[in-house]
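K.L.:
Following this message is one structure expressed as structure tokens.
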Amino acid sequence: MEDPDGDLVTATLVGGSTDTVYTVRGHADTISATILEMAAGDYELICTAVDAGGRISADTVTINIAPNLPPAAVLYVTRSGSDWRIVQDAVIDPQGDTVQHSILIEGPISLLIGPRRAPIDTTLTLPEGTYSILSIVADGLAADTTRYGVDNRTRPTARQSIVRDGVKFRYSATHTGTVGGLAVVRSPDDTIYDGAVPADTTFAGMTSRNYDGLLKGVYLFVVHAERGGLRARDVVLDSIVNLPPSVDLSDVDASLDQEARIVIPLPAAVDPNPEDHPTYTGARSLDGKAEVGLSGAELSVTGVADSTGAYAVELLLGDASTGVLVDTILGVIRPRPVGQFAPDSAEFKSGYDDVAVMGGATSVSSDLVDDDESKNPLLGINFARDKLGWYYGWKRNLLDKLGVAFGIDYSFMNQFSNYSATDDWALSGIFRMYGTWQAFGSTEGMSGTLAVRIENRHQIGSGVTPRDLGFDGGSSLSTATYKKFGWGTTQLHWKQLFEGGRYLLVAGNMDPGDYSDVYPFLTAHKSFVNDAYVNNPSVALPSQGFGIVGKAVFAGGAGYASAGLHDANGSPTEFGLDTFFEVREYYTWVEAGWTPGDNPMGGEGVHVNVWRQDAREDAGTEETWGVTLSASRVFDRDVRWSPFVRAGYAHGDGGGLVRFMAAGGVHALVRGTDLVGVATSWSGPIDSTLRDQVTSELFYRLQLTENIQATPDVQFTINPSHTLETDVLWVLAALRLRLVF
């Protein structure tokens with residue numbers, strides 16, 4: 001800067017980011033000023049000079065300011081155990097400025113490292129928690145930062161192991177954290193388990209289904225743990241395959257005498273897959289020494305003629321999904337004891353399986369066949385086999401040579417009641433001799449058979465008979481058919497079969513209840529004894545007397561129709577035809593039904609029976625009629641059982657015990673030949689002003705030996721119709737025995 005006159009000059013510089021005025025005074029040829037803190041860009045600067053005389057001179061110049069670039073802040077964080085290494089790389093400022101380094105740590109503890117000119121490389125042990133690490137690099141004018149998050153918390157663990165045990169899962173798991181759970185899924189819609197982690201337990205026990213094993217399928221096991229928002233889980237995939245069933249035959253005793261027959265209850269099969277239900281599907285002899293049969297879970301083995309020593313039977317076990325498992329029963333056929341009779345049919349002691357059964361369960365032919373069939377006694381004493389072989393051999397010879405079959409039995413019953421207008425206990429016995437004589441023909445074609453039964457029913461002691469005990473307690477139903485009438489011929493009739501039983505004609509002295517409205521367990525000697533479950537108590541059924549019954553089978557043997565005409569004044573002790581032809585008061589009935597069995601008169605199936613009884617002058621009863629309905633079915637699977645329902649209605653006072661009755665119950669064969677039954681009935685007395693009553697009965701028939709049955713029985717009646725002295729009548733038959741030969 002020059003002034004020609006040598007005056008003092010004042011120079012002013014205008015420009016920059018804020019139009020700051022810079023004033024310089026002096027005489028120097030050159031003056032200067034430093035412009036700081038200007039943003040990058042183009043600027044116009046004006047320089048104005050003024051001397052002492054007030055003269056002014058100005059000049060303008062344009063300059064460009066380049067940006068000031070900050071240094072880059074680069075941060076590296078690594079972990080080794082509980083130690084954290086924090087590293088800043090060395091950096092150079094783009095403008096060559098001096099750089100300062102700093103690190104700020106924020107978290108459970110706060111820490112500032114720096115500022116310093118050298119890069120930072122440090123190792124720290126940080127308390128557990130989450131941290132934010134900030135790296136700062138500055139050149140005095142600009143700075144750069146990098147932030148890094150550090151999670152310094154111990155993560156939870158979740159580990160599981162599954163050991164296969166058959167189709168069960170033996171499950172164990174370890175986990176850390178505040179929450180530990182297990183979810184097991186078999187399909188998207190089937191969560192087997194969702195709950196706490198079960199340590200060292202059998203997984204199958206955790207299902208709500210209470211299975212011994214798990215259903216077939218693929219299973220996903222997911223165990224998880226959580227701690228403070230941190231999660232861990234472990235996943236295992238496993239599957240249940242279709243495994244074969246098994247059966248333990250080690251305790252099966254298959255020994256039998258030569259040419260004898262045994263029935264072996266087979267143990268239940270075990271299947272690891274709970275949805276499978278294996279059954280026995282077949283049996284066969286491996287060596288030809290035995291004839292075998294399979295009924296449900298019972299194996300019958302009969303030694304063939306002259307076979308002794310070891311034998312083997314192969315069992316087939318399985319179902320549609322598991323295929324077939326083969327197992328073998330080994331046994332021994334013992335030589336026949338000296339003097340023991342060798343029957344041709346080991347299943348029937350006297351060979352009475354050839355006796356035609358064309359009546360109800362209490363008919364003569366039905367008793368003969370049922371009593372002759374080999375049983376499964378509770379006691380090991382086999383009196384029939386060891387001591388009576390000659391007797392059954394003699395009976396077989398009579399059947400083979402003369403067509404004669406017979407039996408003898410004695411039944412004994414002792415009952416007690418909680419209330420009676422007379423005695424509260426009863427004791428009675430029944431002795432019976434019965435048989436059939438097939439005079440000609442065969443059961444496959446036409447045959448003629450004579451049936452006979454002679455009985456003696458007697459009271460024992462000074463009480464009452466079981467027949468009267470229920471009546472004396474106010475019930476409208478008898479609690480047993482055991483009554484007193486001395487000797488009587490209760491059956492003496494001719495039975496004519498045509499075309500193998502397609503048509504039947506019966507004429508003579510008979511029990512109408514053997515052929516009318518029967519069902520499979522209508523026998524007071526072996527089953528229920530209350531009137532509600534024997535002959536229908538709404539029916540004015542006469543006592544044993546002369547009658548005629550006809551029956552025809554149609555629809556391929558499934559349907560039948562039958563009818564009967566009987567002496568309404570019959571008596572078990574007065575044998576003859578006088579009242580039938582002279583008094584001419586009759587009981588008539590017709591019946592139609594469907595049956596799945598081979599004995600249309602046995603009662604299985606469904607039938608309707610309509611009956612009528614004439615007015616009886618001497619008895620003082622009016623004409624009476626009624627209708628009954630019965631339905632029953634025998635199911636023979638693992639357990640042979642038979643449900644039934646029965647009902648009846650009567651109009652008139654001609655001799656029935658009740659005006660209406662409805663009953664239902666079930667029988668079941670257990671242990672092969674034991675029988676259990678339970679039933680309940682509702683009935684209304686003939687006098688409609690009296691209250692209705694409900695009667696139930698429960699019994700268990702135990703086959704003690706081949707020849708002895710014990711049948712405890714309990715009955716109770718709610719609101720007995722003919723008394724107001726008690727609302728509940730209990731009757732117990734603790735001692736009820738039957739001996740048969």
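Here's how to read the names in the structure tokens: chain A, B, ... by the order shown, residue numbers from 1 in each chain, ligand numbers from 1 in the order shown.
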Give me the residues within 8 Å of Pro712 of chain A as a list in words, counting only C-alpha atoms and dropping any in the same chain fewer than 3 places off.
P.N.:
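So the residues in contact are Phe699, Tyr700, Arg701, Leu732, Ala733, Ala734, Leu735 and Arg736 of chain A.
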K.L.:
Using only C-alpha atoms, which residues sit within 9 Å of segment 231-239 of chain A once same-chain residues fewer than 4 positions away are excluded, as number ranges by chain?
P.N.:
A: 155-162, 167, 175, 177, 186, 216-227
K.L.:
Select from segment 412-643 of chain A everything DSSP, run on the backbone, classes as alpha helix (DSSP H), then give the selection as a ChimeraX atom specification.
P.N.:
/A:466-472,578
K.L.:
Which residues are close to Leu330 of chain A, i.e. within 9 Å by only C-alpha atoms, leaving aside same-chain residues fewer than 6 positions away? Reply as a VMD selection string.
P.N.:
chain A and resid 252 to 255 310 to 314
K.L.:
Find the spatial neighbours of Gly486 of chain A, counting only C-alpha atoms, within a cut-off of 6 Å - ignore same-chain residues fewer than 4 positions away - and output them as a list of chain:residue names.
P.N.:
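That gives A:Asn456, A:Arg457, A:His458.
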K.L.:
Atom CA of His493 of chain A to atom CA of Met510 of chain A: how many Å, to one decimal?
P.N.:
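The value is 6.4 Å.
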K.L.:
What does the distance between atom CA of Ser476 of chain A and atom CA of Leu657 of chain A come to in Å, to one decimal place?
P.N.:
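Between atom CA of Ser476 of chain A and atom CA of Leu657 of chain A the gap works out to 6.3 Å.
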K.L.:
Please indicate the distance in Å from atom CA of Thr123 of chain A to atom CA of Ala72 of chain A, rounded to one decimal place.
P.N.:
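Atom CA of Ala72 of chain A lies 21.9 Å from atom CA of Thr123 of chain A.
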K.L.:
Neighbours of segment 460-474 of chain A within 6 Å (only C-alpha atoms; same-chain residues fewer than 2 positions away dropped), as a list in words?
P.N.:
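Near neighbours after the sequence-gap exclusion: Tyr419, Ser420, Ala421, Asp423, Ala426, Leu427, Ser428, Ser478, Thr479, Ala480, Thr481, Tyr482, Lys483, Pro720, His722 and Thr723 of chain A.
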K.L.:
Near Gln703 of chain A, counting only C-alpha atoms, which residues have an atom at most 9 Å away, once you skip same-chain residues fewer than 4 positions from it, shown as a PyMOL selection string?
P.N.:
chain A and resi 375-379+673-675+707-711
K.L.:
Report the closest atom pair, with its distance in Å rounded to one decimal, for each residue of segment 493-569 of chain A that has an atom no farther than 10 Å from segment 641-647 of chain A; count only C-alpha atoms, sort by chain and then rising residue number, and write it as a tab-separated table.
P.N.:
residue	atom	partner	partner_atom	distance
A:Asp517	CA	A:Arg646	CA	9.5
A:Tyr519	CA	A:Phe644	CA	8.2
A:Pro520	CA	A:Ser642	CA	8.4
A:Phe521	CA	A:Ser642	CA	9.1
A:Ala532	CA	A:Arg646	CA	9.2
A:Tyr533	CA	A:Arg646	CA	8.5
A:Asn536	CA	A:Ala647	CA	7.9
A:Pro537	CA	A:Ala647	CA	9.6
A:Ser538	CA	A:Ala647	CA	8.6
